[in-house]
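Engineer: Take a look at this one; I'll ask things after.
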Amino acid sequence: MAFYLGIDLGTSAVKCILVGEDGSVRGSRSAEYPLLTPHPGWAEQHPQDWWEASVRAIRELLADTGVRGEEVRGIGLSGQMHGSVFLDADRNVVRPALLWCDQRTAAQCEWIEETIGRERLGRLTGNRALTGFTAPKIVWLRDKEPECYARTAHLLLPKDYVRMKLTGELGMDVADASGTLLLDVGKRAWSREVAEAIGIPMSWLPPLFESNDIAGRLLPEAAERTGLAARTPVVAGGGDQACGAVGVGVVRNGIASVALGTSGVVFVHDDSYQADPLLRLHSFCHGVPGRWHRMGVMLSAGGAFQWWKNRFGYEELERAAAEGRDVYDCLTELAASAPPGSEGLLFLPYLTGERTPHPDPLARGGFVGLNVRHDKAHLTRAVLEGITFGLRDSLELIKESGIAITELRVNGGGARSPFWRQMIADIFGYPVVTVNSTDGPAYGAAVMAASGVLGRSIESLCGEWIKTVDRTEPNEANRAAYEPYYEVYRCLYPALRDSFRRLSALAGQ
Ligand SMILES: Nc1ncnc2c1ncn2[C@@H]1O[C@H](COP(=O)(O)OP(=O)(O)O)[C@@H](O)[C@H]1O
Ligand SMILES: O=C(CO)[C@@H](O)[C@H](O)COP(=O)(O)O
């Protein structure tokens with residue numbers, strides 16, 4: 001049988017899956033790597049760690065499944081977006097990569113918008129300068145580490161580094177390149193005008209591909225390390241949001257997806273290029289050739305729930321260990337014992353700053369409305385509700401743009417929870433659908449590989465391989481109960497914005 005390997009280079013781990021030619025998943029394997037936070041608000045990783053973890057996960061996956069290297073006919077890559085991999089002329093890593101969730105570049109974003117002009121930047125790239133994006137990271141390097149800047153000769157995004165180790169080739173797909181702020185998203189080509197305006201050498205920017213283009217073939221040394229066959233085709237792949245959307249079949253107008261990973265994303269497909277006139281949503285190329293998408297991105301969605309579990313979920317951790325259950329399931333069970341609205345308690349999930357709809361690295365979290373009746377169940381439910389209200393903000397921007405949505409498909413770790421899926425259906429007011437492929441971005445990367453190797457369209461493979469398995473309808477009583485809470489939630493950030501700034505200054509952040 002022929003198999004396609006999907007590699008998703010996440011923020012905490014790389015996940016590799018093998019998909020058979022009928023679309024079924026034969027097996028998956030993950031390998032973790034550390035996240036470095038040398039200063040508050042900074043987030044870095046060593047590209048070499050990504051490569052070593054990928055080698056380990058692929059080897060173990062082949063051993064677990066008994067699939068032979070020669071049976072893998074194509075490889076596709078998905079990855080955390082925006083991270084800056086700086087390479088010297090010999091393709092050695094110059095310094096650890098700055099990641100999508102790194103917040104150090106507020107001054108550089110301001111400088112870029114002043115230098116180019118926000119309106120002109122929007123016209124050229126479809127987007128604003130946001131702290132997570134790649135171009136501000138390059139400007140930061142020039143400002144703060146001029147020796148590293150002087151040694152740099154090539155720029156890649158995280159998964160492109162792994163592809164370079166697999167194939168020896170430099171390259172980037174237009175979906176992931178959209179998050180650099182250096183791409184003319186409408187034309188699917190580098191924007192010389194932007195690069196020159198902010199002084200980024202065009203020679204640093206690699207060749208561009210569509211996600212299902214074959215961007216190289218496996219090197220003999222990479223074949224030896226991974227157990228795959230030399231010369232196996234490797235497609236360009238895409239950023240994890242585009243791959244995740246393909247992985248749940250969001251490849252035509254009308255279907256939106258909600259990704260509950262560390263970040264939280266509401267994603268809609270666009271047949272043609274449509275930038276958000278006010279630049280509140282990200283407007284990017286899709287992983288489907290000749291298609292685009294818009295999305296709103298929350299920085300801490302699943303990440304805020306993970307924080308709650310790590311800091312306050314010790315009883316549930318113990319119970320989960322004793323009963324052989326998932327700690328998140330114990331926490332959602334606890335949350336379900338409080339009513340919608342958590343009896344007057346709201347949670348703001350901006351624990352690592354925010355992007356959509358409040359592009360503010362200094363935004364912070366909080367519980368508002370606490371009273372003596374509240375216990376851990378209320379607080380846990382409020383955390384999930386606050387994250388979901390934050391995602392609803394992105395949905396509202398999408399609706400304001402006139403995009404008609406008929407169905408929401410969920411992916412990411414949070415989508416495993418039926419309780420959270422019901423909450424999304426109730427707060428968003430749309431049916432929430434899960435599909436047979438639960439491996440999200442890694443599955444989308446495998447679809448891209450099959451598309452490139454077989455010469456079939458991504459849409460037709462999605463149509464054949466991806467099926468609905470569960471549908472959660474909104475509960476009208478809950479929906480009505482949530483609505484007034486959402487109205488209050490929306491007022492909180494504007495009211496607290498200045499206090500967040502003062503608190504960040506007091507904490508030296
Ligand atoms: N059973 C579950 N119930 C609810 N949320 C969950 C569950 N399992 C995982 N999660 C959430 O999903 C997040 C991880 O999602 P994942 O897609 O693996 O993230 P990433 O790719 O960013 O590492 C966790 O931080 C947690 O918030
Ligand atoms: O910054 C973005 C999208 O713009 C994030 O989606 C990152 O690409 C990684 O997110 P997780 O998959 O780790 O949540």
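The chains in the structure tokens are called A, B, ... from first to last as shown; in each chain the residues are counted from 1, and the ligands are counted from 1 in the order shown.
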If you count only C-alpha atoms, which residues fall within 12 Å of Arg373 of chain A, apart from same-chain ones fewer than 6 positions away, as a PyMOL selection string?
Structural biologist: chain A and resi 338+342-345+379
Engineer: Now that the selection is made, can you save its residues with N, CA and C atoms as a PDB file, in the first residue's frame?
Structural biologist:
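Below is the file that was written, again.pdb:
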ATOM      1  N   ALA A 338     -21.094  23.963  36.915  1.00  0.00           N
ATOM      2  CA  ALA A 338     -21.515  25.366  37.110  1.00  0.00           C
ATOM      3  C   ALA A 338     -22.428  25.752  35.938  1.00  0.00           C
ATOM      4  N   SER A 342     -21.392  31.216  34.532  1.00  0.00           N
ATOM      5  CA  SER A 342     -20.617  31.023  35.778  1.00  0.00           C
ATOM      6  C   SER A 342     -21.106  31.938  36.903  1.00  0.00           C
ATOM      7  N   GLU A 343     -22.436  32.133  36.941  1.00  0.00           N
ATOM      8  CA  GLU A 343     -23.052  32.969  37.998  1.00  0.00           C
ATOM      9  C   GLU A 343     -22.364  34.322  38.126  1.00  0.00           C
ATOM     10  N   GLY A 344     -22.264  34.997  36.978  1.00  0.00           N
ATOM     11  CA  GLY A 344     -21.784  36.391  37.015  1.00  0.00           C
ATOM     12  C   GLY A 344     -20.275  36.539  36.986  1.00  0.00           C
ATOM     13  N   LEU A 345     -19.568  35.506  36.520  1.00  0.00           N
ATOM     14  CA  LEU A 345     -18.102  35.579  36.509  1.00  0.00           C
ATOM     15  C   LEU A 345     -17.581  35.532  35.074  1.00  0.00           C
ATOM     16  N   LEU A 379     -14.882  29.036  38.400  1.00  0.00           N
ATOM     17  CA  LEU A 379     -13.678  29.619  37.791  1.00  0.00           C
ATOM     18  C   LEU A 379     -13.250  28.818  36.554  1.00  0.00           C
TER      19      LEU A 379
END
Engineer: Please identify all protein, DNA and RNA residues within 8 Å of ligand 1, counting only C-alpha atoms and all ligand atoms, and report them as a PyMOL selection string.
Structural biologist: chain A and resi 10-13+259-263+301-307+326-329+331-332+411-418+420
Engineer: Quick one: everything within 12 Å of Leu317 of chain A, counting only C-alpha atoms, minus sequence neighbours fewer than 2 positions away in the same chain. Send it as a tab-separated table (two decimals) with N, CA and C atoms, in the first residue's frame.
Structural biologist:
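For reference, around.tsv as written:
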chain	number	residue	atom	x	y	z
A	308	TRP	N	-4.41	27.17	33.34
A	308	TRP	CA	-5.33	26.91	34.46
A	308	TRP	C	-5.08	25.50	35.03
A	309	LYS	N	-4.94	24.54	34.12
A	309	LYS	CA	-4.67	23.15	34.55
A	309	LYS	C	-3.33	23.07	35.31
A	310	ASN	N	-2.29	23.69	34.74
A	310	ASN	CA	-0.96	23.57	35.35
A	310	ASN	C	-0.87	24.24	36.71
A	311	ARG	N	-1.53	25.42	36.84
A	311	ARG	CA	-1.39	26.18	38.08
A	311	ARG	C	-2.39	25.75	39.15
A	312	PHE	N	-3.61	25.37	38.72
A	312	PHE	CA	-4.67	25.16	39.72
A	312	PHE	C	-5.37	23.80	39.61
A	313	GLY	N	-4.93	22.98	38.66
A	313	GLY	CA	-5.65	21.71	38.44
A	313	GLY	C	-5.03	20.54	39.18
A	314	TYR	N	-4.37	20.82	40.36
A	314	TYR	CA	-3.63	19.72	41.02
A	314	TYR	C	-4.56	18.60	41.50
A	315	GLU	N	-5.77	18.96	42.01
A	315	GLU	CA	-6.68	17.88	42.47
A	315	GLU	C	-7.13	17.02	41.29
A	319	ARG	N	-6.67	13.10	40.55
A	319	ARG	CA	-7.83	12.23	40.26
A	319	ARG	C	-7.63	11.54	38.91
A	320	ALA	N	-7.16	12.31	37.92
A	320	ALA	CA	-6.96	11.73	36.58
A	320	ALA	C	-5.96	10.58	36.66
A	321	ALA	N	-4.86	10.79	37.43
A	321	ALA	CA	-3.84	9.73	37.54
A	321	ALA	C	-4.44	8.50	38.22
A	322	ALA	N	-5.23	8.72	39.30
A	322	ALA	CA	-5.80	7.58	40.04
A	322	ALA	C	-6.80	6.81	39.18
A	323	GLU	N	-7.57	7.55	38.35
A	323	GLU	CA	-8.65	6.88	37.59
A	323	GLU	C	-8.24	6.56	36.15
A	324	GLY	N	-6.98	6.88	35.81
A	324	GLY	CA	-6.53	6.60	34.44
A	324	GLY	C	-7.28	7.43	33.41
A	325	ARG	N	-7.60	8.70	33.78
A	325	ARG	CA	-8.34	9.57	32.86
A	325	ARG	C	-7.49	10.75	32.43
A	326	ASP	N	-8.01	11.51	31.46
A	326	ASP	CA	-7.33	12.73	30.98
A	326	ASP	C	-7.67	13.86	31.96
A	327	VAL	N	-6.66	14.60	32.38
A	327	VAL	CA	-6.89	15.68	33.35
A	327	VAL	C	-7.83	16.75	32.78
A	328	TYR	N	-7.73	17.00	31.46
A	328	TYR	CA	-8.63	18.00	30.88
A	328	TYR	C	-10.08	17.53	30.98
A	329	ASP	N	-10.31	16.21	30.84
A	329	ASP	CA	-11.69	15.71	30.96
A	329	ASP	C	-12.20	15.91	32.39
A	330	CYS	N	-11.32	15.74	33.38
A	330	CYS	CA	-11.74	15.97	34.78
A	330	CYS	C	-12.08	17.45	34.98
A	331	LEU	N	-11.31	18.34	34.33
A	331	LEU	CA	-11.58	19.77	34.49
A	331	LEU	C	-12.87	20.19	33.78
Engineer: Could you give me the residues within 7 Å of ligand 2, counting only C-alpha atoms and all ligand atoms, as a PDB file with N, CA and C atoms, in the first residue's frame?
Structural biologist:
ATOM      1  N   GLY A  10       4.732  21.520  15.678  1.00  0.00           N
ATOM      2  CA  GLY A  10       3.961  22.367  16.589  1.00  0.00           C
ATOM      3  C   GLY A  10       4.861  23.179  17.509  1.00  0.00           C
ATOM      4  N   THR A  11       4.235  23.862  18.455  1.00  0.00           N
ATOM      5  CA  THR A  11       4.991  24.708  19.365  1.00  0.00           C
ATOM      6  C   THR A  11       5.629  23.870  20.476  1.00  0.00           C
ATOM      7  N   GLY A  79       3.511  23.624   9.871  1.00  0.00           N
ATOM      8  CA  GLY A  79       4.315  24.107  10.993  1.00  0.00           C
ATOM      9  C   GLY A  79       3.750  25.337  11.656  1.00  0.00           C
ATOM     10  N   GLN A  80       4.144  25.522  12.911  1.00  0.00           N
ATOM     11  CA  GLN A  80       3.858  26.782  13.617  1.00  0.00           C
ATOM     12  C   GLN A  80       4.318  27.912  12.691  1.00  0.00           C
ATOM     13  N   MET A  81       3.495  28.964  12.603  1.00  0.00           N
ATOM     14  CA  MET A  81       3.755  30.009  11.611  1.00  0.00           C
ATOM     15  C   MET A  81       4.654  31.119  12.191  1.00  0.00           C
ATOM     16  N   HIS A  82       5.113  31.977  11.307  1.00  0.00           N
ATOM     17  CA  HIS A  82       5.766  33.270  11.635  1.00  0.00           C
ATOM     18  C   HIS A  82       7.166  33.198  12.243  1.00  0.00           C
ATOM     19  N   TRP A 100       6.108  32.583  16.951  1.00  0.00           N
ATOM     20  CA  TRP A 100       4.847  33.289  16.698  1.00  0.00           C
ATOM     21  C   TRP A 100       4.307  33.993  17.941  1.00  0.00           C
ATOM     22  N   CYS A 101       4.598  33.432  19.132  1.00  0.00           N
ATOM     23  CA  CYS A 101       4.020  33.968  20.367  1.00  0.00           C
ATOM     24  C   CYS A 101       5.006  34.902  21.081  1.00  0.00           C
ATOM     25  N   GLY A 132       3.790  39.128  16.405  1.00  0.00           N
ATOM     26  CA  GLY A 132       4.154  37.740  16.110  1.00  0.00           C
ATOM     27  C   GLY A 132       4.749  37.547  14.726  1.00  0.00           C
ATOM     28  N   GLY A 179       2.389  35.079   6.469  1.00  0.00           N
ATOM     29  CA  GLY A 179       2.574  35.553   7.841  1.00  0.00           C
ATOM     30  C   GLY A 179       3.921  36.198   8.085  1.00  0.00           C
ATOM     31  N   GLY A 239       1.575  26.626   6.494  1.00  0.00           N
ATOM     32  CA  GLY A 239       1.475  27.007   7.897  1.00  0.00           C
ATOM     33  C   GLY A 239       0.424  26.123   8.563  1.00  0.00           C
ATOM     34  N   ASP A 240       0.508  25.980   9.890  1.00  0.00           N
ATOM     35  CA  ASP A 240      -0.391  25.013  10.546  1.00  0.00           C
ATOM     36  C   ASP A 240      -1.863  25.389  10.427  1.00  0.00           C
ATOM     37  N   GLN A 241      -2.171  26.671  10.287  1.00  0.00           N
ATOM     38  CA  GLN A 241      -3.602  27.017  10.184  1.00  0.00           C
ATOM     39  C   GLN A 241      -4.165  26.611   8.827  1.00  0.00           C
ATOM     40  N   LEU A 260      -8.649  24.904  18.231  1.00  0.00           N
ATOM     41  CA  LEU A 260      -8.377  25.085  19.661  1.00  0.00           C
ATOM     42  C   LEU A 260      -7.051  24.427  19.998  1.00  0.00           C
ATOM     43  N   GLY A 261      -5.955  25.090  19.600  1.00  0.00           N
ATOM     44  CA  GLY A 261      -4.618  24.621  19.975  1.00  0.00           C
ATOM     45  C   GLY A 261      -4.127  25.492  21.118  1.00  0.00           C
ATOM     46  N   THR A 262      -2.840  25.748  21.192  1.00  0.00           N
ATOM     47  CA  THR A 262      -2.335  26.728  22.157  1.00  0.00           C
ATOM     48  C   THR A 262      -2.975  28.068  21.814  1.00  0.00           C
ATOM     49  N   SER A 263      -2.890  28.421  20.511  1.00  0.00           N
ATOM     50  CA  SER A 263      -3.621  29.596  20.033  1.00  0.00           C
ATOM     51  C   SER A 263      -5.057  29.163  19.729  1.00  0.00           C
ATOM     52  N   GLY A 264      -5.893  30.129  19.377  1.00  0.00           N
ATOM     53  CA  GLY A 264      -7.263  29.816  18.974  1.00  0.00           C
ATOM     54  C   GLY A 264      -7.549  30.580  17.704  1.00  0.00           C
ATOM     55  N   VAL A 265      -8.107  29.902  16.709  1.00  0.00           N
ATOM     56  CA  VAL A 265      -8.241  30.540  15.401  1.00  0.00           C
ATOM     57  C   VAL A 265      -9.640  30.276  14.828  1.00  0.00           C
ATOM     58  N   VAL A 297      -6.972  35.455  15.130  1.00  0.00           N
ATOM     59  CA  VAL A 297      -6.082  34.601  15.942  1.00  0.00           C
ATOM     60  C   VAL A 297      -6.024  35.111  17.379  1.00  0.00           C
TER      61      VAL A 297
END
Engineer: State, in Å with one decimal place, the distance from atom CA of Pro340 of chain A to atom CA of Lys376 of chain A.
Structural biologist: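 A separation of 14.5 Å between them.
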Engineer: Show me, as an MDAnalysis selection string, the residues that have an atom within 12 Å of Ile255 of chain A when counting only C-alpha atoms, minus same-chain residues fewer than 6 positions from it.
Structural biologist: chainID A and resid 245:246 248:249 266:271 293 403:410 430:433
Engineer: Could the residues in this selection be written to a file with N, CA, C and O atoms, as an mmCIF file, in the first residue's frame?
Structural biologist:
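As a result, selection-v4.cif now contains:
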data_model
loop_
_atom_site.group_PDB
_atom_site.id
_atom_site.type_symbol
_atom_site.label_atom_id
_atom_site.label_comp_id
_atom_site.auth_asym_id
_atom_site.auth_seq_id
_atom_site.Cartn_x
_atom_site.Cartn_y
_atom_site.Cartn_z
ATOM 1 N N ALA A 245 -6.894 23.617 8.358
ATOM 2 C CA ALA A 245 -8.162 23.839 7.649
ATOM 3 C C ALA A 245 -8.340 22.790 6.547
ATOM 4 O O ALA A 245 -9.420 22.213 6.403
ATOM 5 N N VAL A 246 -7.274 22.516 5.798
ATOM 6 C CA VAL A 246 -7.352 21.456 4.774
ATOM 7 C C VAL A 246 -7.654 20.119 5.460
ATOM 8 O O VAL A 246 -8.480 19.329 4.995
ATOM 9 N N VAL A 248 -9.432 19.447 7.937
ATOM 10 C CA VAL A 248 -10.849 19.222 8.277
ATOM 11 C C VAL A 248 -11.758 19.595 7.103
ATOM 12 O O VAL A 248 -12.969 19.708 7.257
ATOM 13 N N GLY A 249 -11.183 19.808 5.943
ATOM 14 C CA GLY A 249 -11.991 20.012 4.730
ATOM 15 C C GLY A 249 -12.516 21.419 4.529
ATOM 16 O O GLY A 249 -13.513 21.605 3.821
ATOM 17 N N VAL A 266 -10.241 31.347 14.302
ATOM 18 C CA VAL A 266 -11.464 31.189 13.512
ATOM 19 C C VAL A 266 -11.071 31.490 12.070
ATOM 20 O O VAL A 266 -10.519 32.560 11.782
ATOM 21 N N PHE A 267 -11.324 30.544 11.166
ATOM 22 C CA PHE A 267 -10.719 30.524 9.825
ATOM 23 C C PHE A 267 -11.823 30.380 8.781
ATOM 24 O O PHE A 267 -12.676 29.505 8.911
ATOM 25 N N VAL A 268 -11.816 31.232 7.753
ATOM 26 C CA VAL A 268 -12.771 31.046 6.645
ATOM 27 C C VAL A 268 -12.041 31.036 5.310
ATOM 28 O O VAL A 268 -11.072 31.764 5.108
ATOM 29 N N HIS A 269 -12.531 30.185 4.422
ATOM 30 C CA HIS A 269 -11.984 30.050 3.071
ATOM 31 C C HIS A 269 -12.472 31.224 2.209
ATOM 32 O O HIS A 269 -13.598 31.685 2.379
ATOM 33 N N ASP A 270 -11.615 31.692 1.283
ATOM 34 C CA ASP A 270 -12.030 32.717 0.299
ATOM 35 C C ASP A 270 -11.665 32.226 -1.097
ATOM 36 O O ASP A 270 -10.493 31.929 -1.352
ATOM 37 N N ASP A 271 -12.653 32.201 -2.001
ATOM 38 C CA ASP A 271 -12.348 31.810 -3.387
ATOM 39 C C ASP A 271 -11.443 32.826 -4.063
ATOM 40 O O ASP A 271 -10.630 32.492 -4.908
ATOM 41 N N HIS A 293 -7.609 32.880 2.418
ATOM 42 C CA HIS A 293 -8.471 32.733 3.589
ATOM 43 C C HIS A 293 -8.299 33.947 4.480
ATOM 44 O O HIS A 293 -7.331 34.708 4.363
ATOM 45 N N ILE A 403 -19.232 37.574 5.248
ATOM 46 C CA ILE A 403 -18.981 36.179 4.880
ATOM 47 C C ILE A 403 -20.087 35.314 5.476
ATOM 48 O O ILE A 403 -20.353 35.376 6.683
ATOM 49 N N ALA A 404 -20.740 34.528 4.607
ATOM 50 C CA ALA A 404 -21.823 33.665 5.086
ATOM 51 C C ALA A 404 -21.242 32.335 5.544
ATOM 52 O O ALA A 404 -20.477 31.698 4.829
ATOM 53 N N ILE A 405 -21.583 31.938 6.766
ATOM 54 C CA ILE A 405 -21.086 30.662 7.310
ATOM 55 C C ILE A 405 -22.274 29.747 7.548
ATOM 56 O O ILE A 405 -23.285 30.159 8.109
ATOM 57 N N THR A 406 -22.140 28.494 7.112
ATOM 58 C CA THR A 406 -23.230 27.549 7.361
ATOM 59 C C THR A 406 -22.846 26.513 8.402
ATOM 60 O O THR A 406 -23.701 25.895 9.020
ATOM 61 N N GLU A 407 -21.542 26.327 8.588
ATOM 62 C CA GLU A 407 -21.106 25.231 9.454
ATOM 63 C C GLU A 407 -19.717 25.549 10.006
ATOM 64 O O GLU A 407 -18.901 26.152 9.322
ATOM 65 N N LEU A 408 -19.480 25.123 11.242
ATOM 66 C CA LEU A 408 -18.153 25.288 11.855
ATOM 67 C C LEU A 408 -17.537 23.919 12.083
ATOM 68 O O LEU A 408 -18.183 23.049 12.663
ATOM 69 N N ARG A 409 -16.311 23.737 11.650
ATOM 70 C CA ARG A 409 -15.615 22.478 11.922
ATOM 71 C C ARG A 409 -14.527 22.748 12.945
ATOM 72 O O ARG A 409 -13.810 23.740 12.816
ATOM 73 N N VAL A 410 -14.392 21.884 13.931
ATOM 74 C CA VAL A 410 -13.413 22.145 14.990
ATOM 75 C C VAL A 410 -12.213 21.229 14.849
ATOM 76 O O VAL A 410 -12.335 20.093 14.407
ATOM 77 N N TYR A 430 -23.918 28.423 15.924
ATOM 78 C CA TYR A 430 -23.821 27.603 14.704
ATOM 79 C C TYR A 430 -23.634 26.136 15.101
ATOM 80 O O TYR A 430 -23.048 25.855 16.153
ATOM 81 N N PRO A 431 -24.065 25.208 14.224
ATOM 82 C CA PRO A 431 -23.746 23.802 14.490
ATOM 83 C C PRO A 431 -22.236 23.585 14.419
ATOM 84 O O PRO A 431 -21.558 24.176 13.580
ATOM 85 N N VAL A 432 -21.714 22.771 15.308
ATOM 86 C CA VAL A 432 -20.287 22.470 15.353
ATOM 87 C C VAL A 432 -20.085 21.022 14.926
ATOM 88 O O VAL A 432 -20.686 20.107 15.488
ATOM 89 N N VAL A 433 -19.227 20.855 13.914
ATOM 90 C CA VAL A 433 -19.073 19.546 13.285
ATOM 91 C C VAL A 433 -17.667 19.018 13.547
ATOM 92 O O VAL A 433 -16.700 19.766 13.517
#
Engineer: Leaving out Pro474 of chain A and any residue of its chain fewer than 6 positions from it, which residues lie within 6 Å of it when counting only C-alpha atoms, given as a list of chain:residue names?
Structural biologist: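 Listing them by chain and then by number gives A:Ala425, A:Asp426, A:Gly429.
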Engineer: Using only C-alpha atoms, which protein or nucleic acid residues come within 10 Å of Arg456 of chain A? Drop anything in the same chain fewer than 5 positions from it, and give the result as a tab-separated table (two decimals) with N, CA and C atoms, in the first residue's frame.
Structural biologist:
chain	number	residue	atom	x	y	z
A	212	ASN	N	1.06	22.26	-2.53
A	212	ASN	CA	1.17	20.88	-3.05
A	212	ASN	C	2.25	20.75	-4.12
A	447	VAL	N	-2.46	15.31	3.07
A	447	VAL	CA	-3.34	15.54	1.90
A	447	VAL	C	-2.55	16.30	0.83
A	448	MET	N	-1.79	17.32	1.26
A	448	MET	CA	-1.00	18.12	0.30
A	448	MET	C	0.04	17.24	-0.40
A	450	ALA	N	-0.15	13.95	-0.92
A	450	ALA	CA	-0.84	13.06	-1.87
A	450	ALA	C	-1.25	13.85	-3.11
A	451	SER	N	-1.72	15.08	-2.90
A	451	SER	CA	-2.14	15.91	-4.03
A	451	SER	C	-0.97	16.16	-4.98
A	461	LEU	N	-9.38	15.39	-3.03
A	461	LEU	CA	-8.94	14.45	-1.99
A	461	LEU	C	-9.71	14.69	-0.69
Engineer: Could you pull out all residues of segment 290-457 of chain A with a DSSP call of helix (DSSP H, G or I) and give them as a PyMOL selection string?
Structural biologist: chain A and resi 302-312+314-323+327-336+376-400+413-416+418-428+440-454
Engineer: Which residue, A:Leu77, A:Leu183, A:Leu141, A:Ala135, has the smallest gap to Val94 of chain A when you use only C-alpha atoms?
Structural biologist: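 Closest to Val94 of chain A, using only C-alpha atoms: A:Leu141.
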Engineer: Please produce, as CSV, a per-residue contact table for segment 327-353 of chain A versus segment 492-508 of chain A (criterion: any atom at most 12 Å away, only C-alpha atoms considered), showing the nearest atom pair and its distance in Å to one decimal, sorted by chain then residue number.
Structural biologist:
residue,atom,partner,partner_atom,distance
A:Leu346,CA,A:Leu492,CA,9.4
A:Phe347,CA,A:Leu492,CA,9.8
A:Leu348,CA,A:Tyr493,CA,8.0
A:Pro349,CA,A:Tyr493,CA,10.4
A:Tyr350,CA,A:Tyr493,CA,9.4
A:Leu351,CA,A:Phe500,CA,11.0
A:Thr352,CA,A:Ser504,CA,11.4
A:Gly353,CA,A:Phe500,CA,9.8
Engineer: So which residues touch Leu166 of chain A within 8 Å, counting only C-alpha atoms, skipping near sequence neighbours fewer than 4 positions away, as a list in words?
Structural biologist: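 In the requested format, the answer is Val162, Arg217, Leu218, Leu219, Ala222 and Ala223 of chain A.
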Engineer: Using only C-alpha atoms for the distances, tell me which of A:Ala480, A:Leu98, A:Leu454, A:Leu208 is nearest to Ser178 of chain A.
Structural biologist: A:Leu208
Engineer: Identify, with DSSP run on backbone atoms, the residues in segment 360-487 of chain A assigned to strand (DSSP E), and express the list as a ChimeraX atom specification.
Structural biologist: /A:366-368,407-411,432-435,468-472
Engineer: Once you have the residues from the selection above, write them out as a CSV table (one decimal), in the first residue's frame, restricted to C-alpha atoms.
Structural biologist:
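Listing of out31.csv after writing:
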chain,number,residue,atom,x,y,z
A,366,GLY,CA,-8.3,38.5,34.7
A,367,PHE,CA,-11.4,37.3,36.5
A,368,VAL,CA,-14.1,39.9,36.7
A,407,GLU,CA,-21.1,25.2,9.5
A,408,LEU,CA,-18.2,25.3,11.9
A,409,ARG,CA,-15.6,22.5,11.9
A,410,VAL,CA,-13.4,22.1,15.0
A,411,ASN,CA,-9.9,20.9,15.3
A,432,VAL,CA,-20.3,22.5,15.4
A,433,VAL,CA,-19.1,19.5,13.3
A,434,THR,CA,-16.2,17.1,13.9
A,435,VAL,CA,-14.8,15.0,11.0
A,468,THR,CA,-18.5,14.3,9.1
A,469,VAL,CA,-18.7,12.1,12.2
A,470,ASP,CA,-20.5,14.3,14.8
A,471,ARG,CA,-22.7,17.4,14.8
A,472,THR,CA,-23.5,19.5,17.9
Engineer: Give me, please, the distance in Å between atom CA of Gly386 of chain A and atom CA of Tyr489 of chain A, quoted to one decimal.
Structural biologist: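 Result for atom CA of Gly386 of chain A versus atom CA of Tyr489 of chain A: 7.9 Å, one decimal.
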